[in-house]
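To be precise, the following lines are run.txt, and they hold compact mmCIF, C-alpha atoms and all ligand atoms.
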```
# COMPACT_ATOMS: atom_id res chain seq x y z
CA MET A 8 60.12 38.60 96.53
CA ARG A 9 59.87 41.32 99.16
CA THR A 10 63.06 43.24 99.98
CA LEU A 11 64.45 43.92 103.45
CA ASP A 12 63.73 47.63 102.88
CA GLN A 13 60.09 46.84 102.19
CA ILE A 14 59.77 44.57 105.23
CA MET A 15 61.38 47.25 107.43
CA GLY A 16 59.16 49.94 105.92
CA ASP A 17 56.15 47.76 106.66
CA GLY A 18 57.21 47.61 110.30
CA LEU A 19 57.65 43.85 110.41
CA TRP A 20 61.42 43.57 110.97
CA PRO A 21 62.87 42.93 114.46
CA SER A 22 64.37 45.87 116.34
CA TYR A 23 67.96 44.83 115.57
CA GLY A 24 69.97 42.72 113.14
CA SER A 25 70.20 41.95 109.44
CA PRO A 26 69.04 38.70 107.82
CA ALA A 27 72.61 37.44 108.34
CA GLU A 28 72.51 38.16 112.10
CA GLY A 29 71.76 34.51 112.87
CA ILE A 30 69.44 31.68 111.97
CA ARG A 31 66.39 33.23 113.67
CA HIS A 32 66.77 36.42 111.61
CA THR A 33 67.43 34.32 108.49
CA ALA A 34 64.21 32.37 109.15
CA ILE A 35 62.15 35.54 109.66
CA PHE A 36 63.58 37.01 106.45
CA LYS A 37 62.81 33.89 104.40
CA VAL A 38 59.27 33.71 105.78
CA LEU A 39 58.50 37.40 105.22
CA SER A 40 60.38 37.93 101.95
CA GLU A 41 59.44 34.88 99.92
CA MET A 42 57.43 32.24 101.77
CA LEU A 43 54.22 33.83 103.05
CA PRO A 44 51.34 34.16 100.57
CA GLU A 45 50.62 37.81 99.76
CA TYR A 46 47.28 37.86 101.64
CA VAL A 47 48.95 36.63 104.84
CA TYR A 48 51.78 39.16 104.46
CA GLN A 49 49.28 42.00 103.95
CA HIS A 50 47.36 40.86 107.03
CA LEU A 51 50.57 41.07 109.06
CA VAL A 52 51.32 44.54 107.64
CA GLN A 53 47.92 45.72 108.89
CA LYS A 54 48.76 44.30 112.33
CA ALA A 55 52.46 45.22 112.40
CA LYS A 56 52.01 47.55 115.38
CA ASN A 57 50.25 44.80 117.35
CA PHE A 58 53.27 42.60 118.04
CA ARG A 59 57.02 42.74 118.60
CA TRP A 60 59.74 40.17 118.02
CA PHE A 61 61.88 39.17 121.00
CA ILE A 62 65.11 37.53 119.82
CA PRO A 63 67.51 37.54 122.75
CA LYS A 64 71.13 36.85 121.96
CA GLY A 65 72.27 33.52 123.37
CA GLY A 66 75.20 32.74 125.57
CA GLN A 67 75.71 36.21 126.97
CA HIS A 68 73.16 36.74 129.70
CA PHE A 69 71.31 34.52 132.11
CA GLY A 70 68.75 37.20 132.64
CA GLN A 71 67.55 40.17 130.69
CA LEU A 72 65.24 43.11 131.19
CA GLN A 73 63.64 44.51 128.10
CA GLN A 74 60.91 47.05 127.51
CA PHE A 75 58.25 46.53 124.91
CA PRO A 76 55.81 49.20 123.81
CA ALA A 77 52.22 48.23 124.54
CA THR A 78 50.81 46.91 121.28
CA GLY A 79 47.13 46.64 122.09
CA LYS A 80 44.52 45.90 124.72
CA ASP A 81 43.80 42.58 126.34
CA PRO A 82 40.18 41.34 126.50
CA ASP A 83 39.73 43.25 129.80
CA GLY A 84 40.82 46.50 128.15
CA LYS A 85 44.21 46.67 129.84
CA SER A 86 47.32 47.65 127.88
CA GLU A 87 49.49 44.74 126.81
CA ALA A 88 52.38 43.95 124.50
CA VAL A 89 52.15 40.86 122.31
CA VAL A 90 55.68 39.52 121.95
CA ILE A 91 56.84 36.71 119.69
CA TYR A 92 59.78 35.05 121.44
CA LEU A 93 62.36 33.07 119.45
CA SER A 94 64.67 31.07 121.70
CA PRO A 95 68.46 31.05 121.33
CA GLU A 96 67.97 27.26 121.38
CA LEU A 97 66.96 27.63 117.73
CA ASP A 98 70.50 28.69 116.82
CA PRO A 99 72.59 25.96 115.23
CA LEU A 100 74.99 23.97 117.32
CA PRO A 101 78.27 22.82 115.80
CA LEU A 102 77.90 19.65 113.71
CA ARG A 103 74.14 20.09 113.25
CA ASP A 104 72.73 20.02 109.74
CA TYR A 105 72.15 23.68 108.85
CA ASP A 106 69.18 23.01 106.57
CA ASP A 107 67.35 21.06 109.26
CA VAL A 108 68.07 23.73 111.84
CA LEU A 109 66.87 26.45 109.44
CA ASP A 110 63.67 24.48 108.72
CA ARG A 111 63.03 24.20 112.45
CA ALA A 112 63.50 27.97 112.88
CA ILE A 113 61.24 28.69 109.89
CA ALA A 114 58.53 26.33 111.20
CA THR A 115 58.73 28.09 114.57
CA VAL A 116 58.39 31.55 112.99
CA LEU A 117 55.37 30.40 110.94
CA HIS A 118 53.79 28.72 113.97
CA GLU A 119 54.18 31.78 116.22
CA LEU A 120 52.84 34.10 113.49
CA ALA A 121 49.84 31.75 113.20
CA HIS A 122 49.18 32.10 116.96
CA PHE A 123 49.32 35.87 116.48
CA VAL A 124 46.97 35.88 113.48
CA LEU A 125 44.54 33.63 115.39
CA GLY A 126 44.54 36.06 118.32
CA HIS A 127 45.82 33.46 120.78
CA ARG A 128 46.94 34.62 124.21
CA GLU A 129 49.04 32.95 126.88
CA GLY A 130 46.91 30.36 128.68
CA ASN A 131 44.45 30.23 125.79
CA VAL A 132 46.46 28.61 123.03
CA ASP A 133 45.36 25.89 120.63
CA GLU A 134 48.51 24.29 119.20
CA ASN A 135 46.71 22.22 116.57
CA GLN A 136 44.79 25.24 115.33
CA ALA A 137 48.08 27.12 114.87
CA TRP A 138 49.74 24.24 112.99
CA ASN A 139 46.62 23.80 110.85
CA LEU A 140 46.81 27.45 109.82
CA VAL A 141 50.47 27.00 108.83
CA VAL A 142 49.34 24.07 106.64
CA GLU A 143 46.59 26.28 105.17
CA TRP A 144 49.27 28.84 104.23
CA GLY A 145 50.94 26.13 102.11
CA PHE A 146 53.58 24.60 104.38
CA LYS A 147 52.27 21.08 104.92
CA ASP A 148 55.73 19.60 104.29
CA LEU A 149 57.38 21.73 106.96
CA VAL A 150 54.70 20.86 109.50
CA GLU A 151 54.94 17.15 108.77
CA LYS A 152 58.75 17.23 108.95
CA ARG A 153 58.49 18.78 112.40
CA THR A 154 56.95 15.62 113.88
ZN ZN A 201 52.36 27.03 119.81
```

The structure given in the file should be rewritten as structure tokens.
Amino acid sequence: MRTLDQIMGDGLWPSYGSPAEGIRHTAIFKVLSEMLPEYVYQHLVQKAKNFRWFIPKGGQHFGQLQQFPATGKDPDGKSEAVVIYLSPELDPLPLRDYDDVLDRAIATVLHELAHFVLGHREGNVDENQAWNLVVEWGFKDLVEKRT
């Protein structure tokens, strides 16, 4: 079990919010603290400076401008920021089953981290490859439940 302090110290926590901030933060905390195998977690620690979370708050703004530090170079050598976006649509609506909604958020976090680990870029994304990697990490049940 990895603590929030450790995850923050490793540079993997979003720029704002505690695990209780909302379901997207809860999902990230569960994935990073207890779900990911150690070798996957360590891989992410090595690459922590190469991506940023983007978790916009829902229901407040129709538009938003946000700066991200460049996290690496694209294949043409230009600066870029790799951003993992988690939609406010993942937040629970009233009367929805919380466990199902949390599973959906967790599956999304795992899936997007898999895209990152695989080096996928916008326009060059293999969805099956990403889901297969999530299965390889030990989350076959979550992936099957998703469909
Ligand atoms: Zn995808």

Which residues of chain A have any atom within 8 Å of an atom in ligand ZN 201 (chain A) when counting all atoms listed in the file, and what is the closest pair of atoms for each, with the distance in Å to one decimal? Order the rows by chain and rising number and write it as CSV.
```
residue,atom,partner,partner_atom,distance
A:His118,CA,A:ZN201,ZN,6.2
A:Glu119,CA,A:ZN201,ZN,6.2
A:His122,CA,A:ZN201,ZN,6.6
A:Val132,CA,A:ZN201,ZN,6.9
A:Asp133,CA,A:ZN201,ZN,7.1
A:Glu134,CA,A:ZN201,ZN,4.8
A:Ala137,CA,A:ZN201,ZN,6.5
A:Trp138,CA,A:ZN201,ZN,7.8
```

At a cut-off of 8 Å, using only C-alpha atoms, what residues contact Val141 (chain A)? Leave out same-chain residues fewer than 3 positions from it and give the result as a PyMOL selection string. chain A and resi 117-118+121+137-138+144-147+150

Could you name the residues that touch Val89 (chain A) at 12 Å or less, counting only C-alpha atoms, but leaving out those on the same chain fewer than 4 positions away, as an MDAnalysis selection string? chainID A and resid 54:61 74:81 119:120 122:124 126:129

Which value, in Å to one decimal, gives the distance between CA of Met8 (chain A) and CA of Tyr46 (chain A)?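 Spanning CA of Met8 (chain A) to CA of Tyr46 (chain A) is a straight-line distance of 13.8 Å.
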
Quick check, in Å to one decimal: how far apart do CA of Asp98 (chain A) and CA of Ile35 (chain A) lie?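 One can read the CA of Asp98 (chain A) to CA of Ile35 (chain A) distance as 13.0 Å.
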
Just add N, CA and C atoms to region 12-27 of chain A and send it as a tab-separated table (two decimals), in the coordinates of the input.
```tsv
chain	number	residue	atom	x	y	z
A	12	ASP	N	64.22	46.26	102.74
A	12	ASP	CA	63.73	47.63	102.88
A	12	ASP	C	62.22	47.67	103.00
A	13	GLN	N	61.56	46.87	102.17
A	13	GLN	CA	60.09	46.84	102.19
A	13	GLN	C	59.58	46.30	103.53
A	14	ILE	N	60.20	45.21	103.98
A	14	ILE	CA	59.77	44.57	105.23
A	14	ILE	C	59.98	45.54	106.40
A	15	MET	N	61.12	46.25	106.38
A	15	MET	CA	61.38	47.25	107.43
A	15	MET	C	60.36	48.38	107.34
A	16	GLY	N	60.12	48.86	106.13
A	16	GLY	CA	59.16	49.94	105.92
A	16	GLY	C	57.76	49.54	106.36
A	17	ASP	N	57.46	48.26	106.23
A	17	ASP	CA	56.15	47.76	106.66
A	17	ASP	C	56.07	47.50	108.16
A	18	GLY	N	57.20	47.73	108.85
A	18	GLY	CA	57.21	47.61	110.30
A	18	GLY	C	57.23	46.19	110.82
A	19	LEU	N	57.68	45.26	110.00
A	19	LEU	CA	57.65	43.85	110.41
A	19	LEU	C	59.02	43.28	110.80
A	20	TRP	N	60.08	44.09	110.67
A	20	TRP	CA	61.42	43.57	110.97
A	20	TRP	C	61.72	43.73	112.46
A	21	PRO	N	62.49	42.78	113.04
A	21	PRO	CA	62.87	42.93	114.46
A	21	PRO	C	63.64	44.23	114.71
A	22	SER	N	63.79	44.57	115.99
A	22	SER	CA	64.37	45.87	116.34
A	22	SER	C	65.87	45.93	116.06
A	23	TYR	N	66.53	44.80	115.89
A	23	TYR	CA	67.96	44.83	115.57
A	23	TYR	C	68.29	43.70	114.61
A	24	GLY	N	69.43	43.84	113.92
A	24	GLY	CA	69.97	42.72	113.14
A	24	GLY	C	69.56	42.71	111.68
A	25	SER	N	70.47	42.16	110.86
A	25	SER	CA	70.20	41.95	109.44
A	25	SER	C	69.78	40.50	109.26
A	26	PRO	N	69.38	40.11	108.03
A	26	PRO	CA	69.04	38.70	107.82
A	26	PRO	C	70.21	37.76	108.12
A	27	ALA	N	71.44	38.28	108.09
A	27	ALA	CA	72.61	37.44	108.34
A	27	ALA	C	73.00	37.41	109.82
```
